[in-house]
>>> print(open('query-v7.txt').read())   # compact mmCIF, C-alpha atoms
# COMPACT_ATOMS: atom_id res chain seq x y z
CA MET W 1126 13.90 10.42 -22.28
CA GLN W 1127 15.58 8.08 -19.81
CA SER W 1128 13.51 5.09 -18.74
CA TYR W 1129 13.14 4.66 -15.01
CA HIS W 1130 11.56 2.35 -12.49
CA LEU W 1131 10.64 3.26 -8.92
CA TYR W 1132 10.78 0.64 -6.16
CA HIS W 1133 8.83 1.84 -3.16
CA LEU W 1134 9.44 0.10 0.16
CA SER W 1135 7.23 1.29 3.00
CA HIS W 1136 5.92 0.32 6.40
CA THR W 1137 2.84 -1.91 6.85
CA ASP W 1138 0.61 0.67 8.53
CA LEU W 1139 -1.64 3.58 7.56
CA ASP W 1140 1.29 5.96 7.16
CA GLY W 1141 3.28 3.50 5.07
CA TYR W 1142 0.41 2.74 2.74
CA GLY W 1143 -0.42 6.47 2.63
CA CYS W 1144 3.08 7.10 1.27
CA GLN W 1145 2.40 4.55 -1.45
CA MET W 1146 -0.88 6.23 -2.36
CA VAL W 1147 1.09 9.43 -2.91
CA THR W 1148 3.64 7.78 -5.20
CA ASN W 1149 0.84 5.96 -7.01
CA HIS W 1150 -0.63 9.38 -7.80
CA TYR W 1151 2.61 10.74 -9.25
CA PHE W 1152 4.35 7.76 -10.87
CA ASP W 1153 3.41 5.03 -13.33
CA GLU W 1154 6.44 2.75 -13.19
CA VAL W 1155 6.34 1.59 -9.56
CA SER W 1156 6.83 -1.71 -7.76
CA TYR W 1157 5.49 -1.70 -4.20
CA TYR W 1158 7.03 -3.53 -1.27
CA ASN W 1159 6.02 -3.42 2.39
CA SER W 1160 7.85 -4.35 5.54
CA ASN W 1161 7.80 -4.27 9.28
CA TYR W 1162 11.07 -3.61 11.08
CA GLY W 1163 14.09 -5.84 11.59
CA ARG W 1164 15.36 -8.38 9.09
CA GLU W 1165 12.19 -8.02 7.04
CA ILE W 1166 13.48 -4.67 5.71
CA GLU W 1167 16.63 -6.38 4.44
CA GLU W 1168 14.58 -9.21 2.91
CA ARG W 1169 12.40 -6.76 0.98
CA PHE W 1170 15.48 -4.81 -0.11
CA SER W 1171 16.97 -8.04 -1.50
CA GLU W 1172 13.75 -8.62 -3.43
CA ILE W 1173 14.04 -5.10 -4.85
CA LEU W 1174 17.61 -5.79 -5.96
CA GLU W 1175 16.50 -9.01 -7.66
CA GLU W 1176 13.70 -7.23 -9.52
CA MET W 1177 15.99 -4.36 -10.43
CA GLU W 1178 18.49 -6.74 -12.01
CA SER W 1179 15.74 -8.32 -14.14
CA ARG W 1180 14.45 -5.00 -15.53
CA ASN W 1181 15.94 -2.95 -18.31
CA ALA W 1182 15.38 0.46 -16.77
CA GLU W 1183 18.17 2.94 -17.35
CA LEU W 1184 17.60 4.41 -13.91
CA ASN W 1185 16.31 2.67 -10.80
CA ILE W 1186 15.04 4.69 -7.88
CA VAL W 1187 14.62 3.00 -4.52
CA LEU W 1188 12.31 5.01 -2.29
CA ILE W 1189 11.99 3.97 1.35
CA THR W 1190 9.27 5.63 3.43
CA ASP W 1191 8.07 5.37 7.02
CA LEU W 1192 10.90 3.00 7.91
CA ASN W 1193 14.03 4.09 9.70
CA LEU W 1194 17.26 2.29 8.97
CA SER W 1195 20.23 1.60 11.19
CA VAL W 1196 23.59 3.00 10.14
CA GLN W 1197 24.64 -0.54 9.22
CA GLN W 1198 21.58 -0.99 6.97
CA CYS W 1199 22.27 2.36 5.31
CA GLU W 1200 25.86 1.35 4.62
CA LYS W 1201 24.83 -2.04 3.22
CA PHE W 1202 22.01 -0.69 1.04
CA GLU W 1203 24.20 2.08 -0.36
CA GLN W 1204 26.95 -0.42 -1.15
CA ASP W 1205 24.48 -2.87 -2.74
CA LEU W 1206 23.20 -0.15 -5.07
CA GLN W 1207 26.72 0.97 -5.97
CA ASN W 1208 27.49 -2.63 -6.94
CA ALA W 1209 24.30 -3.06 -8.99
CA SER W 1210 24.71 -3.65 -12.71
CA THR W 1211 22.41 -0.72 -13.50
CA GLU W 1212 22.24 2.87 -12.32
CA ALA W 1213 20.34 3.23 -9.05
CA ARG W 1214 19.51 6.01 -6.61
CA LEU W 1215 18.26 5.78 -3.04
CA LEU W 1216 15.93 8.16 -1.20
CA LEU W 1217 14.55 7.66 2.31
CA LEU W 1218 11.75 9.85 3.69
CA ASP W 1219 10.96 9.27 7.36
CA HIS W 1220 9.85 10.88 10.60
CA HIS W 1221 11.10 8.54 13.33
CA LYS W 1222 13.62 10.21 15.65
CA SER W 1223 15.40 6.88 16.10
CA GLY W 1224 16.86 7.38 12.61
CA GLN W 1225 18.86 10.47 13.65
CA ASP W 1226 22.29 8.80 13.40
CA SER W 1227 21.53 7.48 9.93
CA TYR W 1228 20.16 10.84 8.82
CA GLU W 1229 23.36 12.54 9.90
CA GLY W 1230 25.51 10.13 7.90
CA TYR W 1231 23.70 9.84 4.56
CA PRO W 1232 22.60 12.65 2.22
CA TRP W 1233 19.78 10.54 0.75
CA TYR W 1234 18.17 10.13 4.20
CA LEU W 1235 15.56 12.84 4.85
CA LEU W 1236 14.31 12.96 8.45
CA ASP W 1237 11.62 15.32 9.72
CA ASP W 1238 9.88 14.43 12.97
CA SER W 1239 7.32 17.24 12.64
CA ARG W 1240 5.27 15.42 9.96
CA CYS W 1241 4.29 11.85 9.22
CA ALA W 1242 5.98 10.09 6.33
CA THR W 1243 2.91 10.44 4.09
CA LYS W 1244 3.04 14.22 4.48
CA ILE W 1245 6.81 14.27 3.94
CA THR W 1246 6.34 12.22 0.75
CA TYR W 1247 3.56 14.48 -0.53
CA ASP W 1248 5.48 17.64 0.34
CA PHE W 1249 8.52 16.25 -1.48
CA PHE W 1250 6.75 15.33 -4.73
CA ALA W 1251 3.89 17.88 -4.98
CA PRO W 1252 6.14 20.87 -5.78
CA LEU W 1253 7.83 18.81 -8.51
CA TYR W 1254 4.77 17.21 -10.11
CA GLY W 1255 1.81 19.33 -9.03
CA GLU W 1256 -0.39 19.70 -6.02
CA ASP W 1257 -3.68 17.83 -5.77
CA LYS W 1258 -6.41 19.12 -3.45
CA ASP W 1259 -8.03 15.75 -2.72
CA LEU W 1260 -4.71 13.99 -2.17
CA ALA W 1261 -3.56 16.84 0.09
CA GLN W 1262 -6.67 16.40 2.24
CA PHE W 1263 -6.04 12.67 2.55
CA VAL W 1264 -2.42 13.41 3.50
CA ASP W 1265 -3.55 15.85 6.20
CA VAL W 1266 -5.84 13.21 7.69
CA VAL W 1267 -3.07 10.61 7.78
CA ASN W 1268 -0.73 13.17 9.30
CA ALA W 1269 -3.16 14.10 12.08
CA VAL W 1270 -3.81 10.48 12.99
CA ASP W 1271 -0.26 9.15 12.65
CA ILE W 1272 1.42 11.77 14.81
CA TRP W 1273 -1.59 12.20 17.11
CA LEU W 1274 -2.57 15.79 16.41
CA SER W 1275 -5.74 15.44 18.50
CA ASP W 1276 -6.58 19.16 18.20
CA ASP W 1277 -6.35 19.08 14.42
CA PRO W 1278 -9.78 18.99 12.68
CA HIS W 1279 -8.53 16.13 10.49
CA PHE W 1280 -7.91 13.92 13.53
CA GLU W 1281 -11.58 13.06 14.13
CA LEU W 1282 -12.10 12.37 10.45
CA GLY W 1283 -9.18 9.95 10.47
CA LYS W 1284 -10.30 8.04 13.53
>>> encode(input="query-v7.txt", output="structure tokens")
Amino acid sequence: MQSYHLYHLSHTDLDGYGCQMVTNHYFDEVSYYNSNYGREIEERFSEILEEMESRNAELNIVLITDLNLSVQQCEKFEQDLQNASTEARLLLLDHHKSGQDSYEGYPWYLLDDSRCATKITYDFFAPLYGEDKDLAQFVDVVNAVDIWLSDDPHFELGK
């Protein structure tokens, strides 16, 4: 079996940390990074590249959640991973409409503004690795609060 390592970069809010709770449930080999917007995203990505170069994983997966990237950032990150000395894949799961241009230009950029990033992340991995009732409930609470579904019964619980 191929050895892997997952590098999970996410936003510094409830939704971002919720995404990381989901990956923590499904994966063992994970390094977590958090960022706000702007240059901080690029700084964390550089840290990921440094760690990736020091590991001996056969496959590196960089997962970015609850952060939208500019087209320029997408281009740079894709190029950086192509130039890495080890095999690497990139996957971005987000819900911010401001990422539309990037979504349209990169197949690894999944954008869905109908759900928060935590729910997108859960819905992406649960069919592959198994659903979990308790985790699904947590995800529904984060979703209701993050995208302000005030009529949803989970909204009050999340407040």
>>> atom_distance(input="query-v7.txt", atom1="CA of Asn1181 (chain W)", atom2="CA of Phe1152 (chain W)")
17.4 Å
>>> closest_residue(input="query-v7.txt", among="W:Thr1243, W:His1133, W:Asn1149, W:Leu1192", to="Glu1172 (chain W)", atoms="all atoms listed in the file")
W:His1133
>>> closest_residue(input="query-v7.txt", among="W:Gly1230, W:Gly1143, W:Pro1278, W:Gly1163", to="Thr1246 (chain W)", atoms="all atoms listed in the file")
W:Gly1143
>>> residues_around(input="query-v7.txt", residues="Leu1134 (chain W)", least_positions_apart="2", cutoff="8 Å", atoms="all atoms listed in the file", output="CSV table (one decimal) with C-alpha atoms, in the frame of the given file")
chain,number,residue,atom,x,y,z
W,1132,TYR,CA,10.8,0.6,-6.2
W,1136,HIS,CA,5.9,0.3,6.4
W,1157,TYR,CA,5.5,-1.7,-4.2
W,1158,TYR,CA,7.0,-3.5,-1.3
W,1159,ASN,CA,6.0,-3.4,2.4
W,1160,SER,CA,7.8,-4.4,5.5
W,1169,ARG,CA,12.4,-6.8,1.0
W,1170,PHE,CA,15.5,-4.8,-0.1
W,1187,VAL,CA,14.6,3.0,-4.5
W,1188,LEU,CA,12.3,5.0,-2.3
W,1189,ILE,CA,12.0,4.0,1.4
W,1190,THR,CA,9.3,5.6,3.4
>>> residues_near_point(input="query-v7.txt", point="(18.0, -0.2, -12.0)", cutoff="10 Å", atoms="all atoms listed in the file", output="PyMOL selection string")
chain W and resi 1128-1132+1173-1187+1206+1209-1214
>>> atom_distance(input="query-v7.txt", atom1="CA of Thr1148 (chain W)", atom2="CA of Leu1235 (chain W)")
16.4 Å
>>> atom_distance(input="query-v7.txt", atom1="CA of Ser1135 (chain W)", atom2="CA of Tyr1162 (chain W)")
10.2 Å
>>> closest_residue(input="query-v7.txt", among="W:Val1264, W:Ala1242, W:Val1147, W:Leu1215", to="Asp1191 (chain W)", atoms="all atoms listed in the file")
W:Ala1242
>>> residues_around(input="query-v7.txt", residues="region 1199-1205 of chain W", least_positions_apart="2", cutoff="8 Å", atoms="all atoms listed in the file", output="list in words")
Phe1170, Leu1194, Ser1195, Val1196, Gln1197, Gln1207, Asn1208, Ala1209, Leu1215, Ser1227 and Tyr1231 of chain W
>>> decode(input="query-v7.txt", residues="region 1198-1213 of chain W", atoms="all heavy atoms", output="tab-separated table (two decimals), in the first residue's frame")
chain	number	residue	atom	x	y	z
W	1198	GLN	N	-3.04	32.60	-7.04
W	1198	GLN	CA	-2.64	31.65	-6.01
W	1198	GLN	C	-2.81	30.22	-6.52
W	1198	GLN	O	-1.94	29.37	-6.28
W	1198	GLN	CB	-3.45	31.85	-4.73
W	1198	GLN	CG	-3.07	33.09	-3.95
W	1198	GLN	CD	-4.03	33.37	-2.81
W	1198	GLN	OE1	-5.24	33.28	-2.96
W	1198	GLN	NE2	-3.46	33.73	-1.67
W	1199	CYS	N	-3.91	29.95	-7.20
W	1199	CYS	CA	-4.13	28.61	-7.76
W	1199	CYS	C	-2.99	28.23	-8.70
W	1199	CYS	O	-2.46	27.12	-8.63
W	1199	CYS	CB	-5.46	28.54	-8.50
W	1199	CYS	SG	-6.91	28.60	-7.45
W	1200	GLU	N	-2.64	29.15	-9.57
W	1200	GLU	CA	-1.57	28.90	-10.54
W	1200	GLU	C	-0.25	28.62	-9.83
W	1200	GLU	O	0.46	27.67	-10.16
W	1200	GLU	CB	-1.44	30.11	-11.46
W	1200	GLU	CG	-0.45	29.94	-12.58
W	1200	GLU	CD	-0.43	31.15	-13.49
W	1200	GLU	OE1	-1.51	31.61	-13.91
W	1200	GLU	OE2	0.69	31.63	-13.78
W	1201	LYS	N	0.07	29.45	-8.84
W	1201	LYS	CA	1.33	29.28	-8.10
W	1201	LYS	C	1.35	27.96	-7.32
W	1201	LYS	O	2.33	27.22	-7.37
W	1201	LYS	CB	1.55	30.45	-7.16
W	1201	LYS	CG	2.86	30.34	-6.37
W	1201	LYS	CD	3.05	31.47	-5.41
W	1201	LYS	CE	4.34	31.42	-4.63
W	1201	LYS	NZ	4.98	30.16	-4.44
W	1202	PHE	N	0.27	27.65	-6.62
W	1202	PHE	CA	0.24	26.44	-5.80
W	1202	PHE	C	0.32	25.20	-6.68
W	1202	PHE	O	1.03	24.24	-6.36
W	1202	PHE	CB	-1.02	26.39	-4.94
W	1202	PHE	CG	-1.07	27.43	-3.85
W	1202	PHE	CD1	-2.18	27.51	-3.02
W	1202	PHE	CD2	-0.03	28.32	-3.64
W	1202	PHE	CE1	-2.24	28.47	-2.01
W	1202	PHE	CE2	-0.08	29.29	-2.63
W	1202	PHE	CZ	-1.19	29.35	-1.82
W	1203	GLU	N	-0.38	25.22	-7.80
W	1203	GLU	CA	-0.32	24.08	-8.72
W	1203	GLU	C	1.10	23.90	-9.26
W	1203	GLU	O	1.61	22.78	-9.30
W	1203	GLU	CB	-1.32	24.30	-9.86
W	1203	GLU	CG	-1.48	23.10	-10.75
W	1203	GLU	CD	-2.59	23.30	-11.77
W	1203	GLU	OE1	-2.37	24.05	-12.74
W	1203	GLU	OE2	-3.67	22.71	-11.58
W	1204	GLN	N	1.72	24.98	-9.63
W	1204	GLN	CA	3.10	24.93	-10.14
W	1204	GLN	C	4.07	24.45	-9.06
W	1204	GLN	O	4.94	23.63	-9.33
W	1204	GLN	CB	3.53	26.31	-10.66
W	1204	GLN	CG	4.85	26.30	-11.38
W	1204	GLN	CD	4.80	25.49	-12.66
W	1204	GLN	OE1	3.85	25.58	-13.42
W	1204	GLN	NE2	5.79	24.67	-12.88
W	1205	ASP	N	3.92	24.96	-7.84
W	1205	ASP	CA	4.78	24.53	-6.74
W	1205	ASP	C	4.69	23.03	-6.51
W	1205	ASP	O	5.70	22.36	-6.28
W	1205	ASP	CB	4.41	25.26	-5.44
W	1205	ASP	CG	4.82	26.72	-5.43
W	1205	ASP	OD1	5.62	27.14	-6.31
W	1205	ASP	OD2	4.33	27.46	-4.56
W	1206	LEU	N	3.49	22.48	-6.59
W	1206	LEU	CA	3.33	21.04	-6.37
W	1206	LEU	C	3.86	20.24	-7.54
W	1206	LEU	O	4.41	19.14	-7.35
W	1206	LEU	CB	1.87	20.70	-6.09
W	1206	LEU	CG	1.34	21.20	-4.74
W	1206	LEU	CD1	-0.13	20.84	-4.57
W	1206	LEU	CD2	2.16	20.65	-3.58
W	1207	GLN	N	3.75	20.76	-8.75
W	1207	GLN	CA	4.32	20.06	-9.91
W	1207	GLN	C	5.84	20.03	-9.82
W	1207	GLN	O	6.47	19.08	-10.29
W	1207	GLN	CB	3.89	20.75	-11.20
W	1207	GLN	CG	2.44	20.49	-11.55
W	1207	GLN	CD	1.99	21.29	-12.78
W	1207	GLN	OE1	2.72	22.13	-13.31
W	1207	GLN	NE2	0.77	21.03	-13.22
W	1208	ASN	N	6.43	21.04	-9.20
W	1208	ASN	CA	7.89	21.11	-9.06
W	1208	ASN	C	8.41	20.41	-7.81
W	1208	ASN	O	9.63	20.36	-7.61
W	1208	ASN	CB	8.35	22.57	-9.06
W	1208	ASN	CG	8.13	23.24	-10.38
W	1208	ASN	OD1	8.10	22.60	-11.43
W	1208	ASN	ND2	7.95	24.56	-10.36
W	1209	ALA	N	7.53	19.90	-6.98
W	1209	ALA	CA	7.96	19.23	-5.75
W	1209	ALA	C	8.73	17.96	-6.10
W	1209	ALA	O	8.52	17.35	-7.14
W	1209	ALA	CB	6.75	18.90	-4.88
W	1210	SER	N	9.59	17.55	-5.20
W	1210	SER	CA	10.42	16.37	-5.44
W	1210	SER	C	9.67	15.06	-5.17
W	1210	SER	O	10.20	13.99	-5.40
W	1210	SER	CB	11.68	16.43	-4.57
W	1210	SER	OG	11.32	16.39	-3.20
W	1211	THR	N	8.45	15.17	-4.71
W	1211	THR	CA	7.64	13.99	-4.41
W	1211	THR	C	6.25	14.19	-5.01
W	1211	THR	O	5.84	15.31	-5.28
W	1211	THR	CB	7.57	13.77	-2.88
W	1211	THR	OG1	6.83	12.60	-2.60
W	1211	THR	CG2	6.97	14.96	-2.16
W	1212	GLU	N	5.55	13.11	-5.21
W	1212	GLU	CA	4.21	13.20	-5.82
W	1212	GLU	C	3.25	13.91	-4.88
W	1212	GLU	O	3.19	13.63	-3.68
W	1212	GLU	CB	3.67	11.80	-6.14
W	1212	GLU	CG	2.38	11.85	-6.91
W	1212	GLU	CD	1.89	10.48	-7.33
W	1212	GLU	OE1	2.60	9.48	-7.13
W	1212	GLU	OE2	0.77	10.43	-7.86
W	1213	ALA	N	2.49	14.84	-5.43
W	1213	ALA	CA	1.55	15.63	-4.62
W	1213	ALA	C	0.28	15.90	-5.41
W	1213	ALA	O	0.32	16.10	-6.63
W	1213	ALA	CB	2.20	16.93	-4.18
